[in-house]
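Dumped coords.cif below, it's mmCIF, C-alpha atoms:
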```cif
data_model
loop_
_atom_site.label_atom_id
_atom_site.label_comp_id
_atom_site.auth_asym_id
_atom_site.auth_seq_id
_atom_site.Cartn_x
_atom_site.Cartn_y
_atom_site.Cartn_z
CA MET A 1 -44.29 -2.68 48.32
CA SER A 2 -43.52 -0.22 45.51
CA GLY A 3 -39.80 -0.38 46.31
CA ARG A 4 -39.86 -4.16 45.89
CA TRP A 5 -41.45 -3.87 42.44
CA HIS A 6 -38.88 -1.28 41.43
CA VAL A 7 -36.09 -3.72 42.32
CA ILE A 8 -37.82 -6.54 40.41
CA ALA A 9 -38.35 -4.31 37.36
CA LEU A 10 -34.74 -3.12 37.36
CA ALA A 11 -33.42 -6.66 37.76
CA SER A 12 -35.63 -7.83 34.88
CA VAL A 13 -34.36 -5.07 32.59
CA LEU A 14 -30.75 -5.82 33.46
CA LEU A 15 -31.35 -9.54 32.86
CA VAL A 16 -32.87 -8.87 29.44
CA VAL A 17 -30.01 -6.54 28.50
CA GLY A 18 -27.41 -9.07 29.67
CA VAL A 19 -29.00 -11.95 27.77
CA ALA A 20 -29.35 -9.82 24.64
CA ALA A 21 -25.69 -8.75 24.87
CA VAL A 22 -24.48 -12.34 25.20
CA ILE A 23 -26.64 -13.46 22.28
CA GLY A 24 -25.77 -10.51 20.03
CA PHE A 25 -22.06 -10.12 20.77
CA ALA A 26 -21.00 -13.66 21.64
CA TRP A 27 -23.38 -16.49 20.71
CA LEU A 28 -24.46 -15.24 17.26
CA PRO A 29 -20.87 -14.42 16.11
CA PHE A 30 -19.70 -17.82 17.40
CA THR A 31 -22.35 -19.69 15.42
CA GLN A 32 -21.29 -18.15 12.10
CA GLY A 33 -19.47 -20.50 9.77
CA ASP A 34 -16.42 -18.26 9.45
CA SER A 35 -16.23 -17.38 13.15
CA PRO A 36 -12.65 -16.61 14.30
CA TYR A 37 -13.42 -17.93 17.80
CA SER A 38 -12.55 -21.46 18.86
CA SER A 39 -15.10 -21.52 21.72
CA LEU A 40 -18.05 -19.61 23.11
CA TRP A 41 -15.85 -18.45 25.99
CA ASP A 42 -13.43 -16.86 23.49
CA ALA A 43 -16.34 -15.05 21.86
CA ILE A 44 -17.60 -13.74 25.22
CA CYS A 45 -14.12 -12.54 26.23
CA SER A 46 -13.68 -10.83 22.89
CA SER A 47 -17.06 -9.09 23.16
CA ILE A 48 -16.11 -7.47 26.48
CA GLY A 49 -12.64 -6.48 25.32
CA LEU A 50 -10.50 -9.12 27.03
CA VAL A 51 -7.49 -10.34 25.07
CA ARG A 52 -7.57 -14.02 24.21
CA PRO A 53 -4.91 -16.07 22.41
CA SER A 54 -5.40 -16.20 18.65
CA PRO A 55 -6.78 -19.51 17.38
CA THR A 56 -4.06 -21.81 16.09
CA ARG A 57 -5.86 -22.09 12.77
CA ASP A 58 -5.11 -18.42 12.02
CA VAL A 59 -2.45 -18.11 9.33
CA VAL A 60 0.06 -15.29 9.54
CA ARG A 61 0.45 -13.98 6.02
CA VAL A 62 3.98 -12.97 5.10
CA PRO A 63 4.40 -10.66 2.08
CA GLY A 64 6.17 -12.17 -0.87
CA TYR A 65 8.75 -9.40 -0.98
CA GLN A 66 11.43 -7.92 1.25
CA THR A 67 10.14 -5.23 3.60
CA SER A 68 12.05 -2.42 5.24
CA ILE A 69 13.83 -3.39 8.45
CA VAL A 70 14.95 0.15 9.29
CA VAL A 71 13.42 1.59 12.44
CA VAL A 72 13.92 5.35 12.37
CA TRP A 73 14.04 7.54 15.47
CA PRO A 74 15.20 11.16 15.94
CA GLN A 75 18.54 10.34 17.59
CA MET A 76 19.39 7.55 15.17
CA LEU A 77 22.22 9.51 13.53
CA PRO A 78 24.47 11.56 15.82
CA THR A 79 25.74 14.96 14.77
CA ALA A 80 28.07 14.34 11.85
CA SER A 81 31.76 15.03 12.35
CA ALA A 82 33.99 16.72 9.79
CA GLU A 83 35.66 13.36 9.22
CA SER A 84 32.34 11.69 8.46
CA ILE A 85 31.35 14.44 6.02
CA GLY A 86 34.76 14.22 4.34
CA ARG A 87 34.54 10.46 3.93
CA GLY A 88 31.03 10.86 2.56
CA GLY A 89 32.27 13.39 0.02
CA THR A 90 34.88 10.93 -1.21
CA LEU A 91 32.32 8.12 -1.48
CA ALA A 92 29.92 10.46 -3.28
CA LEU A 93 32.33 10.84 -6.21
CA ARG A 94 30.87 7.63 -7.62
CA CYS A 95 27.35 9.11 -7.38
CA THR A 96 27.90 12.27 -9.41
CA MET A 97 26.71 10.90 -12.75
CA CYS A 98 23.14 10.60 -11.47
CA HIS A 99 23.00 12.97 -8.48
CA GLY A 100 25.30 15.73 -9.69
CA PRO A 101 28.71 16.85 -8.39
CA ARG A 102 27.05 18.89 -5.64
CA GLY A 103 23.99 16.74 -5.03
CA VAL A 104 21.79 18.54 -7.57
CA SER A 105 20.67 16.34 -10.43
CA ASP A 106 20.01 17.12 -14.07
CA ALA A 107 18.88 13.56 -14.82
CA ASN A 108 15.41 13.37 -13.21
CA THR A 109 16.95 11.59 -10.24
CA PRO A 110 16.66 12.85 -6.66
CA ASN A 111 18.41 16.03 -5.57
CA LEU A 112 20.29 14.98 -2.45
CA ALA A 113 21.85 18.31 -1.45
CA GLY A 114 20.42 19.35 1.91
CA GLN A 115 18.23 16.27 2.13
CA TYR A 116 17.56 14.95 5.64
CA ALA A 117 20.34 12.56 6.65
CA LEU A 118 17.85 10.11 8.14
CA ALA A 119 15.91 9.96 4.87
CA ILE A 120 19.05 9.24 2.83
CA TYR A 121 20.31 6.66 5.30
CA LYS A 122 17.00 4.79 5.35
CA GLN A 123 16.79 4.64 1.56
CA LEU A 124 20.38 3.37 1.29
CA ARG A 125 19.64 0.67 3.88
CA ASP A 126 16.48 -0.31 2.02
CA PHE A 127 18.35 -0.57 -1.28
CA LYS A 128 20.98 -2.73 0.40
CA ASN A 129 18.59 -5.23 1.95
CA GLY A 130 16.31 -5.37 -1.10
CA ALA A 131 13.29 -3.59 0.36
CA ARG A 132 13.70 -1.06 -2.43
CA VAL A 133 14.98 -2.22 -5.80
CA ASN A 134 16.51 -0.23 -8.62
CA ALA A 135 18.68 -1.46 -11.48
CA ILE A 136 21.24 1.31 -10.89
CA MET A 137 21.11 1.87 -7.13
CA SER A 138 20.94 -1.73 -5.93
CA PRO A 139 24.39 -2.72 -7.28
CA ARG A 140 25.87 0.59 -6.08
CA VAL A 141 25.04 -0.05 -2.42
CA GLU A 142 25.82 -3.75 -2.37
CA ASN A 143 29.31 -3.27 -0.94
CA LEU A 144 28.61 -0.24 1.23
CA SER A 145 29.13 -0.70 4.96
CA ASP A 146 26.84 0.84 7.54
CA ARG A 147 29.48 3.49 8.19
CA ASP A 148 29.68 4.25 4.46
CA MET A 149 25.93 4.85 4.34
CA ARG A 150 26.04 7.08 7.41
CA ASP A 151 28.90 9.09 5.92
CA LEU A 152 27.10 9.53 2.59
CA ALA A 153 23.98 10.69 4.43
CA ALA A 154 26.06 13.14 6.47
CA TYR A 155 27.77 14.56 3.38
CA TYR A 156 24.62 15.15 1.34
CA ALA A 157 22.78 16.60 4.34
CA TYR A 158 25.71 19.01 4.80
CA LEU A 159 25.46 20.39 1.26
CA PRO A 160 23.37 23.55 0.80
CA ARG A 161 19.82 22.86 -0.26
CA LEU A 162 18.45 24.37 -3.46
CA GLN A 163 17.23 27.91 -2.97
CA PRO A 164 13.43 27.95 -2.80
CA TYR A 165 11.61 29.23 -5.84
CA PRO A 166 9.77 32.56 -5.59
CA VAL A 167 6.42 32.14 -3.90
CA SER A 168 3.72 31.56 -6.49
CA PRO A 169 0.57 33.67 -6.22
CA ALA A 170 -1.47 30.50 -6.76
CA PRO A 171 -2.23 28.54 -3.55
CA PRO A 172 -0.82 25.03 -3.18
CA PRO A 173 -3.00 22.24 -4.57
CA PRO A 174 -5.62 21.00 -2.07
CA ILE A 175 -3.98 17.55 -1.94
CA VAL A 176 -0.76 19.17 -0.69
CA LEU A 177 -2.28 21.61 1.76
CA HIS A 178 -5.39 19.79 3.00
CA GLY A 179 -5.19 16.22 1.72
CA ALA A 180 -8.46 14.41 1.11
CA PRO A 181 -9.98 13.61 4.54
CA MET A 182 -12.96 11.73 3.09
CA ARG A 183 -10.47 9.34 1.43
CA ASN A 184 -8.17 9.13 4.48
CA ILE A 185 -5.40 11.00 2.65
CA PRO A 186 -3.37 13.38 4.84
CA PRO A 187 -1.82 16.55 3.40
CA CYS A 188 1.49 15.90 1.65
CA ALA A 189 2.90 18.88 3.54
CA ALA A 190 2.16 17.23 6.88
CA CYS A 191 5.02 14.76 6.37
CA HIS A 192 7.20 16.35 3.68
CA GLY A 193 7.56 19.88 5.00
CA THR A 194 5.92 23.33 5.13
CA ILE A 195 3.24 22.14 7.60
CA GLY A 196 5.01 19.39 9.48
CA TYR A 197 7.69 16.76 9.16
CA LYS A 198 7.64 13.03 9.74
CA ILE A 199 10.93 11.48 10.85
CA GLY A 200 12.45 9.64 7.90
CA ALA A 201 10.33 11.38 5.25
CA GLU A 202 12.06 13.17 2.39
CA TRP A 203 12.13 16.91 1.75
CA LEU A 204 10.46 17.17 -1.66
CA GLU A 205 10.81 20.79 -2.70
CA GLY A 206 12.86 21.12 -5.89
CA GLU A 207 12.72 17.45 -6.81
CA SER A 208 12.08 16.50 -10.41
CA ALA A 209 8.39 16.27 -11.30
CA VAL A 210 9.18 13.22 -13.43
CA TYR A 211 10.85 11.51 -10.48
CA LEU A 212 8.01 12.32 -8.10
CA ARG A 213 5.35 11.05 -10.52
CA THR A 214 7.37 7.90 -11.13
CA GLN A 215 7.69 7.17 -7.42
CA LEU A 216 4.01 7.76 -6.76
CA ALA A 217 3.16 5.43 -9.64
CA ALA A 218 5.51 2.82 -8.16
CA PHE A 219 3.74 3.09 -4.80
CA VAL A 220 0.39 2.70 -6.56
CA SER A 221 1.47 -0.46 -8.38
CA GLY A 222 3.35 -1.87 -5.40
CA ALA A 223 6.65 -1.91 -7.31
CA ARG A 224 8.00 0.26 -4.50
CA HIS A 225 7.16 -1.13 -1.09
CA ASN A 226 9.72 0.13 1.40
CA ASP A 227 7.23 2.41 3.16
CA ILE A 228 6.57 1.25 6.70
CA SER A 229 2.96 0.13 7.32
CA GLU A 230 2.19 0.78 3.62
CA GLN A 231 1.53 4.43 4.43
CA MET A 232 2.66 5.84 1.08
CA ARG A 233 1.09 3.00 -0.88
CA ASN A 234 -2.27 3.64 0.74
CA VAL A 235 -1.97 7.39 0.16
CA ALA A 236 -0.88 7.08 -3.48
CA ARG A 237 -3.57 4.52 -4.31
CA GLY A 238 -6.20 6.93 -3.04
CA MET A 239 -4.94 9.84 -5.14
CA THR A 240 -6.34 10.62 -8.55
CA SER A 241 -4.04 11.02 -11.55
CA ASP A 242 -4.68 14.79 -11.46
CA GLU A 243 -3.72 14.96 -7.78
CA ILE A 244 -0.50 13.07 -8.47
CA ARG A 245 0.32 15.46 -11.31
CA GLN A 246 -0.53 18.52 -9.20
CA ALA A 247 1.52 17.38 -6.19
CA ALA A 248 4.53 16.54 -8.34
CA GLY A 249 4.31 19.84 -10.18
CA TYR A 250 3.95 21.83 -6.98
CA TYR A 251 7.02 20.34 -5.30
CA ALA A 252 9.10 20.51 -8.48
CA GLY A 253 8.33 24.23 -8.77
CA PRO A 254 8.98 26.33 -11.87
CA PRO A 255 11.26 24.70 -14.45
#
```

Could I get this structure in the form of structure tokens?
Amino acid sequence: MSGRWHVIALASVLLVVGVAAVIGFAWLPFTQGDSPYSSLWDAICSSIGLVRPSPTRDVVRVPGYQTSIVVVWPQMLPTASAESIGRGGTLALRCTMCHGPRGVSDANTPNLAGQYALAIYKQLRDFKNGARVNAIMSPRVENLSDRDMRDLAAYYAYLPRLQPYPVSPAPPPPIVLHGAPMRNIPPCAACHGTIGYKIGAEWLEGESAVYLRTQLAAFVSGARHNDISEQMRNVARGMTSDEIRQAAGYYAGPP
């Protein structure tokens, strides 16, 4: 007799739990005025993790600006040949006013010597398709072919990178070394070198502090939006003005 009551009690508990789950995870969400579900069955399927077609009333929001169409992967650019580097050097003659005759700038524009080829290639592609806009760069890349951009990337990557500055006794700023986990900000060094490297990210050491602050401000305002999945925009918007200044100063190094 006791075994029978155990079965009845267990069945009753399971029934109550099942009814409560249906009411809490399916029926109540479905009855809300702004419910995304077109039927109670959709709500039930969603509550247990089954994929259901999106309701036709959902509107796919398209940003009002051009986004990057460059998909970067490690083997995207093959090992550059001497011919490719030579062609890139010839094309780079038109870039010397801003980026220097050997890829090192004195004009608060990016130093390109020794920069990752993938990073240069992606930025050139983004300038060409309008995902990144600049009054000087956009017209410069308008007539570049894909081969031209690959050759330029190969040439600048071939040039020797700036010699690192002497190690400072002061530790790197926390935003560079540790990020801000409570604000979902990863360390700058996790993508831009010294700790780790993200494919397509730029090497920042030795860049102009003015340039770095300007780019971070552009990410904050949305004026620059060629970062995939808004990663840099989300990071920059979470940084304080002091953190932006500290990160830019750290990567720029001593004057």

Worksheet item: Interatomic distance between CA of Pro101 in chain A and CA of Tyr211 in chain A?
Response: 18.8 Å

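For the set A:Tyr155, A:Tyr250, A:Tyr116, A:Trp73, the residue with the smallest atom-to-atom gap to Ala209 in chain A is A:Tyr250, counting all atoms listed in the file.
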
Practice prompt. Report the distance between CA of Asn234 in chain A and CA of Val220 in chain A in Å, rounded to one decimal place.
Written response: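 Computing the Euclidean distance for CA of Asn234 in chain A and CA of Val220 in chain A yields 7.8 Å.
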
Worksheet entry | Distance in Å - CA of Gly130 in chain A versus CA of Arg237 in chain A |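 Computing it gives 22.4 Å between the two atoms.
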
Worksheet item: Out of A:Ala247, A:Asp227, A:Asp146, A:Glu207, which residue has the shortest atom-to-atom distance to His99 in chain A when counting only C-alpha atoms?
Response: A:Glu207

Worksheet item: Which is closest to Leu204 in chain A among A:Leu159, A:Val176, A:Val133, A:Ala170, if we use all atoms listed in the file?
Response: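 The shortest atom-to-atom distance to Leu204 in chain A comes from A:Val176.
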
Discussion item. Need the shell around range 117-122 of chain A: protein/DNA/RNA residues with any atom at most 10 Å away, counting all atoms listed in the file. Skip same-chain ones fewer than 6 positions apart. Format as a count of residues only?
Written reply: 30

Worksheet item: Closest to His192 in chain A among A:Arg224, A:Tyr251, A:Gly114, A:Ala135, using all atoms listed in the file?
Response: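 Selected residue with least distance to His192 in chain A: A:Tyr251.
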
Worksheet entry | Residue nearest Arg125 in chain A among A:Thr109, A:Gly179, A:Ser145, A:Arg94 (counting only C-alpha atoms) |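 The closest residue to Arg125 in chain A is A:Ser145.
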
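If you measure from each of A:Leu124, A:Met97, A:Ala189, A:Val16 to Ser138 in chain A using only C-alpha atoms, the closest one turns out to be A:Leu124.
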
Starting from the incomplete input, reconstruct N, CA and C atoms of range 166-194 of chain A and write that as a tab-separated table (two decimals), keeping the file's coordinate frame.
```tsv
chain	number	residue	atom	x	y	z
A	166	PRO	N	10.64	31.48	-6.04
A	166	PRO	CA	9.77	32.56	-5.59
A	166	PRO	C	8.36	32.04	-5.32
A	167	VAL	N	7.76	32.60	-4.29
A	167	VAL	CA	6.42	32.14	-3.90
A	167	VAL	C	5.43	32.42	-5.03
A	168	SER	N	4.71	31.40	-5.41
A	168	SER	CA	3.72	31.56	-6.49
A	168	SER	C	2.46	32.20	-5.92
A	169	PRO	N	1.81	33.07	-6.71
A	169	PRO	CA	0.57	33.67	-6.22
A	169	PRO	C	-0.56	32.64	-6.09
A	170	ALA	N	-0.45	31.54	-6.83
A	170	ALA	CA	-1.47	30.50	-6.76
A	170	ALA	C	-1.28	29.69	-5.48
A	171	PRO	N	-2.35	29.34	-4.78
A	171	PRO	CA	-2.23	28.54	-3.55
A	171	PRO	C	-1.78	27.12	-3.89
A	172	PRO	N	-1.20	26.42	-2.94
A	172	PRO	CA	-0.82	25.03	-3.18
A	172	PRO	C	-2.04	24.20	-3.52
A	173	PRO	N	-1.87	23.11	-4.26
A	173	PRO	CA	-3.00	22.24	-4.57
A	173	PRO	C	-3.64	21.71	-3.28
A	174	PRO	N	-4.94	21.50	-3.29
A	174	PRO	CA	-5.62	21.00	-2.07
A	174	PRO	C	-5.00	19.71	-1.53
A	175	ILE	N	-4.53	18.82	-2.42
A	175	ILE	CA	-3.98	17.55	-1.94
A	175	ILE	C	-2.72	17.77	-1.13
A	176	VAL	N	-1.98	18.85	-1.43
A	176	VAL	CA	-0.76	19.17	-0.69
A	176	VAL	C	-1.09	19.85	0.63
A	177	LEU	N	-2.01	20.78	0.59
A	177	LEU	CA	-2.28	21.61	1.76
A	177	LEU	C	-3.29	20.98	2.72
A	178	HIS	N	-4.31	20.31	2.16
A	178	HIS	CA	-5.39	19.79	3.00
A	178	HIS	C	-5.54	18.27	2.92
A	179	GLY	N	-4.96	17.65	1.90
A	179	GLY	CA	-5.19	16.22	1.72
A	179	GLY	C	-6.60	15.97	1.21
A	180	ALA	N	-7.08	14.78	1.47
A	180	ALA	CA	-8.46	14.41	1.11
A	180	ALA	C	-9.03	13.61	2.27
A	181	PRO	N	-9.54	14.30	3.32
A	181	PRO	CA	-9.98	13.61	4.54
A	181	PRO	C	-11.02	12.52	4.29
A	182	MET	N	-11.91	12.73	3.34
A	182	MET	CA	-12.96	11.73	3.09
A	182	MET	C	-12.38	10.44	2.49
A	183	ARG	N	-11.14	10.53	1.97
A	183	ARG	CA	-10.47	9.34	1.43
A	183	ARG	C	-9.28	8.93	2.31
A	184	ASN	N	-9.23	9.45	3.52
A	184	ASN	CA	-8.17	9.13	4.48
A	184	ASN	C	-6.78	9.46	3.94
A	185	ILE	N	-6.68	10.56	3.19
A	185	ILE	CA	-5.40	11.00	2.65
A	185	ILE	C	-4.96	12.25	3.40
A	186	PRO	N	-3.84	12.19	4.13
A	186	PRO	CA	-3.37	13.38	4.84
A	186	PRO	C	-2.71	14.35	3.87
A	187	PRO	N	-2.53	15.60	4.26
A	187	PRO	CA	-1.82	16.55	3.40
A	187	PRO	C	-0.39	16.09	3.17
A	188	CYS	N	0.08	16.24	1.94
A	188	CYS	CA	1.49	15.90	1.65
A	188	CYS	C	2.42	16.71	2.54
A	189	ALA	N	2.05	17.98	2.77
A	189	ALA	CA	2.90	18.88	3.54
A	189	ALA	C	2.99	18.51	5.01
A	190	ALA	N	2.11	17.63	5.48
A	190	ALA	CA	2.16	17.23	6.88
A	190	ALA	C	3.37	16.36	7.17
A	191	CYS	N	3.86	15.63	6.18
A	191	CYS	CA	5.02	14.76	6.37
A	191	CYS	C	6.26	15.28	5.66
A	192	HIS	N	6.08	15.99	4.55
A	192	HIS	CA	7.20	16.35	3.68
A	192	HIS	C	7.55	17.83	3.75
A	193	GLY	N	7.13	18.50	4.80
A	193	GLY	CA	7.56	19.88	5.00
A	193	GLY	C	6.50	20.91	4.73
A	194	THR	N	6.73	22.10	5.17
A	194	THR	CA	5.92	23.33	5.13
A	194	THR	C	4.83	23.34	6.20
```
